[in-house]
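Novice: So that you have it, the file is protein-v6.cif, and it contains mmCIF, C-alpha atoms and all ligand atoms:
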```
data_work
#
loop_
_atom_site.label_atom_id
_atom_site.label_comp_id
_atom_site.auth_asym_id
_atom_site.auth_seq_id
_atom_site.Cartn_x
_atom_site.Cartn_y
_atom_site.Cartn_z
CA MET F 14 -7.25 3.62 -19.95
CA LYS F 15 -4.43 3.60 -17.38
CA HIS F 16 -5.28 2.26 -13.89
CA PHE F 17 -3.35 1.55 -10.68
CA LEU F 18 -4.71 -1.78 -9.44
CA LYS F 19 -1.40 -3.50 -8.70
CA GLU F 20 2.24 -2.44 -8.31
CA THR F 21 3.20 -3.49 -11.84
CA ASP F 22 0.60 -1.27 -13.52
CA PHE F 23 3.53 1.14 -13.76
CA THR F 24 6.83 0.12 -15.31
CA VAL F 25 10.02 0.69 -13.31
CA ALA F 26 10.73 3.75 -15.49
CA GLU F 27 7.23 5.13 -14.83
CA ALA F 28 7.56 4.37 -11.10
CA ALA F 29 10.88 6.28 -11.03
CA LYS F 30 9.10 9.36 -12.45
CA ILE F 31 6.23 8.95 -9.96
CA PHE F 32 8.70 8.77 -7.05
CA ALA F 33 10.42 11.95 -8.28
CA MET F 34 7.02 13.62 -8.64
CA ALA F 35 6.05 12.60 -5.08
CA ARG F 36 9.30 14.19 -3.82
CA ASP F 37 8.44 17.34 -5.76
CA PHE F 38 4.89 17.46 -4.37
CA LYS F 39 6.30 17.01 -0.85
CA ARG F 40 8.77 19.89 -1.31
CA ARG F 41 6.15 22.17 -2.84
CA ARG F 42 3.77 21.52 0.06
CA ALA F 43 6.53 22.29 2.59
CA ARG F 44 6.96 25.67 0.84
CA SER F 45 3.14 26.16 0.75
CA LYS F 46 3.27 26.08 -3.05
CA GLY F 47 0.06 24.77 -4.56
CA ALA F 48 -0.59 22.49 -7.52
CA LYS F 49 -4.25 23.38 -7.99
CA SER F 50 -4.22 23.01 -11.76
CA VAL F 51 -3.49 19.24 -11.75
CA LEU F 52 -7.09 18.10 -11.10
CA ALA F 53 -8.86 21.45 -11.65
CA GLY F 54 -12.53 20.90 -12.44
CA GLN F 55 -12.35 17.18 -11.69
CA THR F 56 -14.30 15.04 -9.22
CA TRP F 57 -12.84 11.71 -8.05
CA ALA F 58 -15.23 9.29 -6.33
CA MET F 59 -13.95 7.21 -3.42
CA ILE F 60 -15.94 3.98 -2.97
CA PHE F 61 -15.05 2.43 0.37
CA ALA F 62 -16.40 -0.90 1.67
CA LYS F 63 -13.96 -1.00 4.61
CA SER F 64 -12.86 1.41 7.35
CA SER F 65 -9.95 3.76 6.75
CA THR F 66 -8.12 6.66 8.35
CA ARG F 67 -4.91 7.16 6.36
CA THR F 68 -6.13 6.17 2.90
CA ARG F 69 -9.37 8.13 3.07
CA VAL F 70 -7.89 11.30 4.55
CA SER F 71 -4.74 11.32 2.40
CA PHE F 72 -6.77 10.87 -0.80
CA GLU F 73 -9.36 13.49 0.19
CA VAL F 74 -6.70 16.03 1.14
CA GLY F 75 -4.55 15.13 -1.88
CA ILE F 76 -7.39 15.58 -4.39
CA HIS F 77 -8.33 18.89 -2.76
CA GLU F 78 -4.71 20.09 -2.91
CA LEU F 79 -4.57 19.22 -6.61
CA GLY F 80 -7.62 21.41 -7.24
CA GLY F 81 -10.13 18.56 -7.53
CA ASN F 82 -13.20 17.51 -5.60
CA PRO F 83 -13.15 14.23 -3.60
CA LEU F 84 -16.55 12.51 -3.38
CA PHE F 85 -16.62 9.91 -0.59
CA LEU F 86 -19.14 7.10 -1.13
CA ASN F 87 -19.60 4.55 1.61
CA CYS F 88 -20.49 1.28 -0.10
CA ARG F 89 -23.48 0.87 2.23
CA ASP F 90 -24.98 4.16 1.04
CA ILE F 91 -24.93 3.52 -2.71
CA GLN F 92 -26.85 0.97 -4.76
CA LEU F 93 -23.71 -1.14 -5.21
CA GLY F 94 -24.23 -2.18 -1.57
CA ARG F 95 -27.79 -3.32 -2.45
CA GLY F 96 -26.80 -5.44 -5.40
CA GLU F 97 -26.44 -3.08 -8.36
CA THR F 98 -23.80 -4.69 -10.54
CA ILE F 99 -20.20 -3.58 -10.48
CA GLU F 100 -20.36 -3.06 -14.24
CA ASP F 101 -23.42 -0.76 -14.15
CA THR F 102 -21.89 1.17 -11.24
CA ALA F 103 -18.71 1.70 -13.27
CA ARG F 104 -20.62 2.80 -16.38
CA VAL F 105 -22.85 5.24 -14.46
CA LEU F 106 -20.03 6.78 -12.39
CA SER F 107 -17.96 7.18 -15.57
CA ARG F 108 -20.65 9.64 -16.77
CA TYR F 109 -20.24 11.81 -13.64
CA VAL F 110 -16.71 11.67 -12.27
CA HIS F 111 -13.14 11.65 -13.59
CA GLY F 112 -11.74 8.74 -11.60
CA LEU F 113 -12.49 6.10 -8.95
CA ILE F 114 -10.58 5.21 -5.79
CA VAL F 115 -11.81 1.89 -4.43
CA ARG F 116 -11.29 0.05 -1.12
CA THR F 117 -13.02 -3.32 -1.12
CA PHE F 118 -12.63 -7.05 -0.51
CA ALA F 119 -12.06 -8.88 -3.82
CA GLN F 120 -9.29 -7.80 -6.20
CA ASP F 121 -11.59 -9.01 -8.96
CA ASP F 122 -14.03 -6.21 -8.07
CA VAL F 123 -11.50 -3.43 -8.78
CA GLU F 124 -10.49 -5.23 -11.99
CA ARG F 125 -14.17 -5.38 -13.08
CA LEU F 126 -14.77 -1.70 -12.26
CA ALA F 127 -11.73 -0.78 -14.35
CA ALA F 128 -12.79 -3.02 -17.24
CA ALA F 129 -16.39 -1.77 -17.39
CA GLY F 130 -15.84 1.95 -16.84
CA SER F 131 -14.11 4.57 -18.95
CA ILE F 132 -12.21 6.41 -16.17
CA PRO F 133 -9.04 5.58 -14.19
CA VAL F 134 -9.40 3.31 -11.15
CA ILE F 135 -7.03 3.24 -8.16
CA ASN F 136 -6.85 0.26 -5.80
CA ALA F 137 -7.03 1.70 -2.27
CA LEU F 138 -6.74 -1.81 -0.74
CA THR F 139 -8.23 -5.19 -1.51
CA ASP F 140 -7.83 -8.49 0.33
CA LEU F 141 -5.06 -9.30 -2.16
CA LEU F 142 -3.04 -6.09 -2.59
CA HIS F 143 -2.40 -2.60 -1.18
CA PRO F 144 -0.28 -0.98 -3.91
CA CYS F 145 -0.64 2.65 -2.74
CA GLN F 146 0.83 1.59 0.62
CA ILE F 147 3.82 -0.15 -0.93
CA TYR F 148 4.67 2.72 -3.30
CA SER F 149 4.48 5.13 -0.33
CA ASP F 150 6.59 2.83 1.86
CA ALA F 151 9.21 2.36 -0.86
CA PHE F 152 9.32 6.14 -1.32
CA THR F 153 9.82 6.53 2.45
CA LEU F 154 12.85 4.22 2.29
CA ALA F 155 14.24 5.85 -0.84
CA GLU F 156 14.01 9.30 0.79
CA ARG F 157 16.31 8.01 3.52
CA TRP F 158 18.71 6.10 1.32
CA ALA F 159 19.04 8.09 -1.90
CA PRO F 160 21.77 10.72 -2.03
CA ALA F 161 20.46 14.31 -2.16
CA GLY F 162 18.78 14.84 -5.51
CA GLY F 163 19.76 11.28 -6.52
CA ASP F 164 17.77 8.48 -8.13
CA LEU F 165 15.20 7.39 -5.56
CA LEU F 166 14.37 3.96 -6.97
CA ARG F 167 18.02 3.01 -7.51
CA SER F 168 18.65 3.45 -3.76
CA LEU F 169 16.33 0.49 -3.06
CA ARG F 170 18.22 -2.03 -5.18
CA GLY F 171 19.75 -4.92 -3.25
CA ARG F 172 18.26 -3.81 0.09
CA LYS F 173 16.58 -6.46 2.23
CA ILE F 174 13.15 -6.19 3.84
CA ALA F 175 11.99 -8.67 6.48
CA PHE F 176 8.21 -9.07 6.83
CA LEU F 177 7.01 -10.64 10.11
CA GLY F 178 3.69 -12.08 11.22
CA ASP F 179 0.74 -12.34 8.84
CA VAL F 180 2.80 -13.29 5.80
CA GLY F 181 -0.35 -13.98 3.76
CA CYS F 182 -1.95 -10.53 4.13
CA ASN F 183 -2.43 -7.93 1.38
CA VAL F 184 0.50 -5.79 2.56
CA ALA F 185 2.82 -8.83 2.58
CA ASN F 186 1.61 -9.80 -0.92
CA SER F 187 2.12 -6.27 -2.17
CA TRP F 188 5.58 -6.09 -0.62
CA ILE F 189 6.55 -9.34 -2.38
CA VAL F 190 5.48 -7.81 -5.70
CA GLY F 191 7.01 -4.42 -4.85
CA ALA F 192 10.34 -5.89 -3.72
CA ASN F 193 10.60 -7.83 -6.99
CA LEU F 194 9.68 -4.74 -9.01
CA PHE F 195 12.12 -2.43 -7.18
CA GLY F 196 15.04 -4.91 -7.06
CA MET F 197 14.89 -5.55 -3.32
CA LYS F 198 15.23 -8.83 -1.42
CA ILE F 199 12.34 -9.94 0.79
CA SER F 200 12.33 -12.51 3.55
CA LEU F 201 9.04 -13.40 5.26
CA ALA F 202 8.60 -15.15 8.60
CA GLY F 203 5.24 -16.24 9.98
CA PRO F 204 3.18 -19.35 10.66
CA LYS F 205 3.61 -21.92 7.92
CA SER F 206 -0.15 -22.12 7.30
CA TYR F 207 -0.12 -18.45 6.19
CA ALA F 208 3.05 -18.70 4.07
CA PRO F 209 2.93 -17.29 0.54
CA GLY F 210 2.08 -20.09 -1.83
CA GLU F 211 0.78 -20.81 -5.30
CA ARG F 212 -1.40 -17.71 -5.33
CA ILE F 213 1.53 -15.32 -4.92
CA ARG F 214 3.67 -17.29 -7.39
CA THR F 215 0.86 -16.99 -9.95
CA LEU F 216 0.51 -13.29 -9.16
CA LEU F 217 4.23 -12.73 -9.74
CA ALA F 218 4.26 -14.84 -12.91
CA ASP F 219 1.19 -12.98 -14.27
CA GLN F 220 3.06 -9.71 -13.73
CA GLY F 221 6.19 -10.97 -15.48
CA LEU F 222 8.23 -11.18 -12.27
CA ALA F 223 10.36 -14.04 -10.96
CA ALA F 224 9.10 -15.59 -7.71
CA GLY F 225 11.87 -13.86 -5.75
CA TYR F 226 11.09 -14.18 -2.08
CA HIS F 227 12.32 -16.21 0.86
CA TYR F 228 9.98 -17.73 3.43
CA THR F 229 11.13 -19.11 6.77
CA PRO F 230 9.27 -20.09 9.95
CA ASP F 231 12.20 -18.58 11.92
CA PRO F 232 11.80 -14.82 12.65
CA TYR F 233 15.51 -14.43 13.51
CA GLU F 234 16.52 -15.95 10.17
CA ALA F 235 14.23 -13.47 8.38
CA VAL F 236 15.60 -10.36 10.11
CA ALA F 237 19.30 -11.31 9.78
CA ASP F 238 21.01 -8.61 7.65
CA ALA F 239 17.66 -6.88 7.04
CA ASP F 240 17.64 -3.16 6.19
CA VAL F 241 13.93 -2.95 7.08
CA VAL F 242 11.77 -4.83 9.57
CA TYR F 243 8.08 -4.63 8.64
CA THR F 244 4.93 -5.92 10.27
CA ASP F 245 1.17 -5.46 9.99
CA VAL F 246 -1.78 -6.27 12.25
CA TRP F 247 -2.48 -9.96 12.74
CA VAL F 248 -6.23 -9.65 12.22
CA SER F 249 -6.87 -7.84 8.94
CA MET F 250 -10.30 -6.41 8.07
CA GLY F 251 -12.60 -9.31 7.23
CA LYS F 252 -10.61 -11.83 9.36
CA GLU F 253 -12.19 -10.94 12.71
CA ARG F 254 -13.73 -14.40 13.16
CA GLU F 255 -10.21 -15.94 13.15
CA GLU F 256 -8.93 -13.50 15.79
CA LYS F 257 -8.11 -15.94 18.62
CA GLN F 258 -6.25 -18.51 16.49
CA ARG F 259 -4.39 -15.83 14.53
CA ILE F 260 -3.10 -14.17 17.71
CA ARG F 261 -2.05 -17.54 19.14
CA ARG F 262 -0.23 -18.63 15.96
CA MET F 263 1.45 -15.31 15.24
CA ARG F 264 2.67 -14.49 18.75
CA PRO F 265 6.19 -15.91 18.09
CA TYR F 266 6.53 -13.37 15.25
CA ALA F 267 5.88 -10.24 17.32
CA VAL F 268 8.48 -7.56 16.61
CA THR F 269 10.06 -7.18 20.03
CA ALA F 270 13.03 -4.93 20.82
CA LYS F 271 15.18 -8.11 20.84
CA LEU F 272 14.02 -9.20 17.40
CA PHE F 273 14.46 -5.69 15.94
CA ALA F 274 17.99 -5.59 17.39
CA ALA F 275 18.83 -8.75 15.39
CA ALA F 276 18.45 -6.85 12.10
CA LYS F 277 21.20 -4.52 10.77
CA PRO F 278 22.27 -1.88 13.34
CA ASP F 279 20.79 0.89 11.17
CA ALA F 280 17.66 -1.06 10.13
CA LEU F 281 14.40 0.88 9.90
CA PHE F 282 11.09 -0.27 11.38
CA MET F 283 7.93 0.03 9.29
CA HIS F 284 4.24 -0.62 9.90
CA CYS F 285 1.44 0.46 7.58
CA LEU F 286 -0.78 1.27 10.63
CA PRO F 287 -3.08 1.03 12.47
CA ALA F 288 -0.85 -0.77 14.99
CA HIS F 289 -1.81 -2.87 17.98
CA PRO F 290 1.03 -2.13 20.44
CA GLY F 291 1.94 -5.16 22.51
CA GLU F 292 0.49 -7.50 19.91
CA GLU F 293 2.35 -7.60 16.55
CA VAL F 294 4.88 -4.98 17.71
CA ALA F 295 6.24 -3.73 21.04
CA GLN F 296 5.59 -0.10 21.96
CA ALA F 297 9.38 0.32 22.38
CA VAL F 298 9.89 -0.58 18.70
CA LEU F 299 7.13 1.80 17.53
CA ASP F 300 8.85 4.55 19.57
CA ASN F 301 12.38 3.64 18.42
CA PRO F 302 14.18 6.53 16.62
CA ARG F 303 14.56 4.16 13.65
CA SER F 304 10.79 3.68 13.40
CA VAL F 305 9.51 5.56 10.33
CA ILE F 306 5.82 4.76 10.76
CA PHE F 307 4.59 8.36 10.66
CA ASP F 308 6.76 9.21 7.63
CA GLU F 309 5.07 6.27 5.89
CA ALA F 310 1.66 7.66 6.82
CA GLU F 311 2.57 11.18 5.65
CA ASN F 312 4.01 9.92 2.40
CA ARG F 313 0.68 8.34 1.45
CA LEU F 314 -0.40 11.92 0.68
CA HIS F 315 2.58 12.86 -1.50
CA MET F 316 2.77 9.53 -3.35
CA GLN F 317 -0.97 9.36 -4.06
CA LYS F 318 -0.91 12.93 -5.41
CA ALA F 319 1.76 11.77 -7.86
CA ILE F 320 -0.30 8.71 -8.84
CA LEU F 321 -3.43 10.86 -9.31
CA ALA F 322 -1.50 13.36 -11.44
CA VAL F 323 -0.08 10.65 -13.71
CA LEU F 324 -3.43 8.87 -14.17
CA ALA F 325 -5.29 12.15 -14.80
CA ARG F 326 -2.72 13.17 -17.41
CA ALA F 327 -2.93 9.74 -19.11
CA ALA F 328 -6.75 9.95 -19.20
CA ARG F 329 -6.61 13.32 -21.00
CA ARG F 330 -4.58 11.89 -23.91
N1 LIG I 1 -2.46 1.82 6.12
C1 LIG I 1 -3.75 2.06 5.79
O1 LIG I 1 -4.23 1.71 4.68
O2 LIG I 1 -4.44 2.73 6.75
P1 LIG I 1 -6.03 2.93 6.76
O3 LIG I 1 -6.67 1.57 6.86
O4 LIG I 1 -6.28 3.80 7.97
O5 LIG I 1 -6.42 3.61 5.48
#
```
Is it possible to give me this structure as structure tokens?
Ligand code: CP

Specialist:
Amino acid sequence: MKHFLKETDFTVAEAAKIFAMARDFKRRRARSKGAKSVLAGQTWAMIFAKSSTRTRVSFEVGIHELGGNPLFLNCRDIQLGRGETIEDTARVLSRYVHGLIVRTFAQDDVERLAAAGSIPVINALTDLLHPCQIYSDAFTLAERWAPAGGDLLRSLRGRKIAFLGDVGCNVANSWIVGANLFGMKISLAGPKSYAPGERIRTLLADQGLAAGYHYTPDPYEAVADADVVYTDVWVSMGKEREEKQRIRRMRPYAVTAKLFAAAKPDALFMHCLPAHPGEEVAQAVLDNPRSVIFDEAENRLHMQKAILAVLARAARR
């Protein structure tokens, strides 16, 4: 069974097709052309243990637009939240629905759901990775950089992304994997105690990728020659108890107008959202014409429709 639990669950060739499909879905939607046959008659369950705006709404709308039925299940409301095993949950839901979309804490939990069930599983964010976000972000960049009708993935090769702030968070981890997969360079700047370490090197090695990333404690070094400046909130879900020390340690890595200006003159600003203006990023940077934050959010819908379509087709074989 094909799943999407991490960026490398698709090969580069498969990812290229998914990117092209996302572009096609986006164009069709702009022309009000439907694609109702893709998930016709299917129900996809969405098990969420954490809050969400973009991921939940884009998946629910996307499944509906593909002709399927999204079934939102708050973890607290199902027996999984009261101790039913992950394996039994996967086996039972496999008898009812055609796929699972899961937002939870441990990456191991999505791996176990995928291993025990007999339907596709999509990782909608774990503490370790956020692969739907990174595919959508990379598509957002490729849309800008690829020549009209040209190869989207190829346009990413050799480009540099600078990630600032919480360099140990799931989005940073996923961008390290994604940059390696898509042939980009990545430089990360944040407090040394959060720097990517053995865990990310193991993750890359397990996925057959070289440990290609650069870490520096100096934010200006990271953004030098960068095509993209990226940041995320400093206090991710589940880290609320560390709030004060995280804000104190990460303050030097806030993306200010001055720091953004130190990247390439045509550099783009990205943030997976939600943002905390005045904390990890200045309002002026969020409002900058080179900020593509709402394109990123929109593209979650188009990219996830492509991922759903590919997994549903693979499951039918
Ligand atoms: N970027 C993202 O995953 O947003 P939500 O937490 O709102 O889903």

Novice: Quick check, in Å to one decimal: how far apart do atom CA of F:Thr21 and atom CA of F:Tyr266 lie?

Specialist: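 Distance between the two atoms: 29.0 Å.
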
Novice: Would you list the residues near (1.4, -20.2, 18.3) (no more than 12 Å away, in the coordinates of the file, using only C-alpha atoms) as a ChimeraX atom specification?

Specialist: /F:178,203-206,230,257-267

Novice: Neighbours of F:Val123 within 9 Å (all atoms listed in the file; same-chain residues fewer than 2 positions away dropped), as a list of chain:residue names?

Specialist: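 Once the adjacent positions are removed, what remains is F:Leu18, F:Ile99, F:Val115, F:Arg116, F:Thr117, F:Ala119, F:Gln120, F:Asp121, F:Arg125, F:Leu126, F:Ala127, F:Ala128, F:Val134, F:Ile135, F:Asn136, F:Thr139.
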
Novice: Would you please work out which residue, of F:Ala325, F:Leu93, F:Met34, F:Ile174, is nearest to F:Gly112 when using all atoms listed in the file?

Specialist: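 Nearest candidate to F:Gly112 out of F:Ala325, F:Leu93, F:Met34, F:Ile174: F:Ala325.
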
Novice: Which residues are near ligand LIG 1 (chain I) - at most 6 Å, using all atoms listed in the file? Format: as a compact mmCIF listing (two decimals) with C-alpha atoms, keeping the file's coordinate frame.

Specialist:
```
# COMPACT_ATOMS: atom_id res chain seq x y z
CA SER F 65 -9.95 3.76 6.75
CA THR F 66 -8.12 6.66 8.35
CA ARG F 67 -4.91 7.16 6.36
CA THR F 68 -6.13 6.17 2.90
CA ARG F 69 -9.37 8.13 3.07
CA CYS F 285 1.44 0.46 7.58
CA LEU F 286 -0.78 1.27 10.63
```

Novice: Take the point (-12.5, 11.7, -6.1) in the file's coordinates, draw a sphere of radius 6 Å around it, and report as JSON, numbers by chain every protein, DNA or RNA residue with an atom inside or on it, counting only C-alpha atoms.

Specialist: {"F": [56, 57, 58, 59, 82, 83, 84]}

Novice: Can you work out the spacing between atom CA of F:Leu222 and atom CA of F:Lys198 in Å, to one decimal?

Specialist: 13.1 Å

Novice: For each of F:Gly181, F:Gly221, F:Asp240, F:Gly162, take the minimum atom-to-atom distance to F:Met197, counting only C-alpha atoms, then give the residue where this is smallest.

Specialist: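 Of the candidates, the smallest distance to F:Met197 is held by F:Asp240.
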
Novice: If you measure from atom CA of F:Gly225 to atom CA of F:Ala28, what distance in Å do you get, rounded to one decimal?

Specialist: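 These atoms are spaced 19.5 Å apart.
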
Novice: I'd like the neighbourhood of F:Asp150 as a list of chain:residue names, where a residue qualifies if any of its atoms comes within 9 Å (using only C-alpha atoms), though same-chain residues fewer than 6 positions away should be ignored.

Specialist: F:Met283, F:Cys285, F:Asp308, F:Glu309, F:Ala310, F:Asn312, F:Arg313

Novice: Excluding F:Gly196 and its own-chain neighbours fewer than 3 positions away, which residues fall within 10 Å of it when counting only C-alpha atoms? Please give them as a compact mmCIF listing (two decimals) with C-alpha atoms, keeping the file's coordinate frame.

Specialist:
```txt
# COMPACT_ATOMS: atom_id res chain seq x y z
CA VAL F 25 10.02 0.69 -13.31
CA LEU F 166 14.37 3.96 -6.97
CA ARG F 167 18.02 3.01 -7.51
CA SER F 168 18.65 3.45 -3.76
CA LEU F 169 16.33 0.49 -3.06
CA ARG F 170 18.22 -2.03 -5.18
CA GLY F 171 19.75 -4.92 -3.25
CA ARG F 172 18.26 -3.81 0.09
CA LYS F 173 16.58 -6.46 2.23
CA GLY F 191 7.01 -4.42 -4.85
CA ALA F 192 10.34 -5.89 -3.72
CA ASN F 193 10.60 -7.83 -6.99
CA ILE F 199 12.34 -9.94 0.79
CA GLY F 225 11.87 -13.86 -5.75
```

Novice: Between F:Tyr207, F:Phe61, F:Phe118, F:Phe17, which is the closest to F:Gly251 once you count only C-alpha atoms?

Specialist: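 Using only C-alpha atoms, the shortest distance to F:Gly251 belongs to F:Phe118.
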
Novice: Using all atoms listed in the file, determine which residues lie at most 10 Å from F:Ala29, disregarding the query and same-chain residues fewer than 5 positions distant; provide the list as a list in words.

Specialist: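 Residues meeting the cut-off are Phe23, Thr24, Met34, Ala35, Phe152, Asp164, Leu165, Leu166, Arg167 and Phe195 of chain F.
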
Novice: For a quick check of understanding, using all atoms listed in the file, which of F:Ser249, F:Asn183, F:Asn87, F:Asn301 has the smallest distance to F:Gln146?

Specialist: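 Ranked by minimum distance to F:Gln146, first place goes to F:Asn183.
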
Novice: Could you give me, as a list in words, the residues within 12 Å of F:Asp300, counting all atoms listed in the file and dropping anything in the same chain fewer than 3 positions from it?

Specialist: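 Residues meeting the cut-off are Thr269, Ala270, Leu281, Phe282, Met283, His284, Ala288, Pro290, Val294, Ala295, Gln296, Ala297, Arg303, Ser304, Val305, Ile306 and Phe307 of chain F.
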
Novice: Between F:Glu292, F:Ala218, F:Lys30, F:His111, which one has atoms that come closest to F:Glu256, using all atoms listed in the file?

Specialist: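 With all atoms listed in the file as the atom set, the closest residue is F:Glu292.
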
Novice: F:Ala237, F:Val74, F:Cys182, F:Val298: which is nearest F:Ala208, counting all atoms listed in the file?

Specialist: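 Counting all atoms listed in the file, the residue closest to F:Ala208 is F:Cys182.
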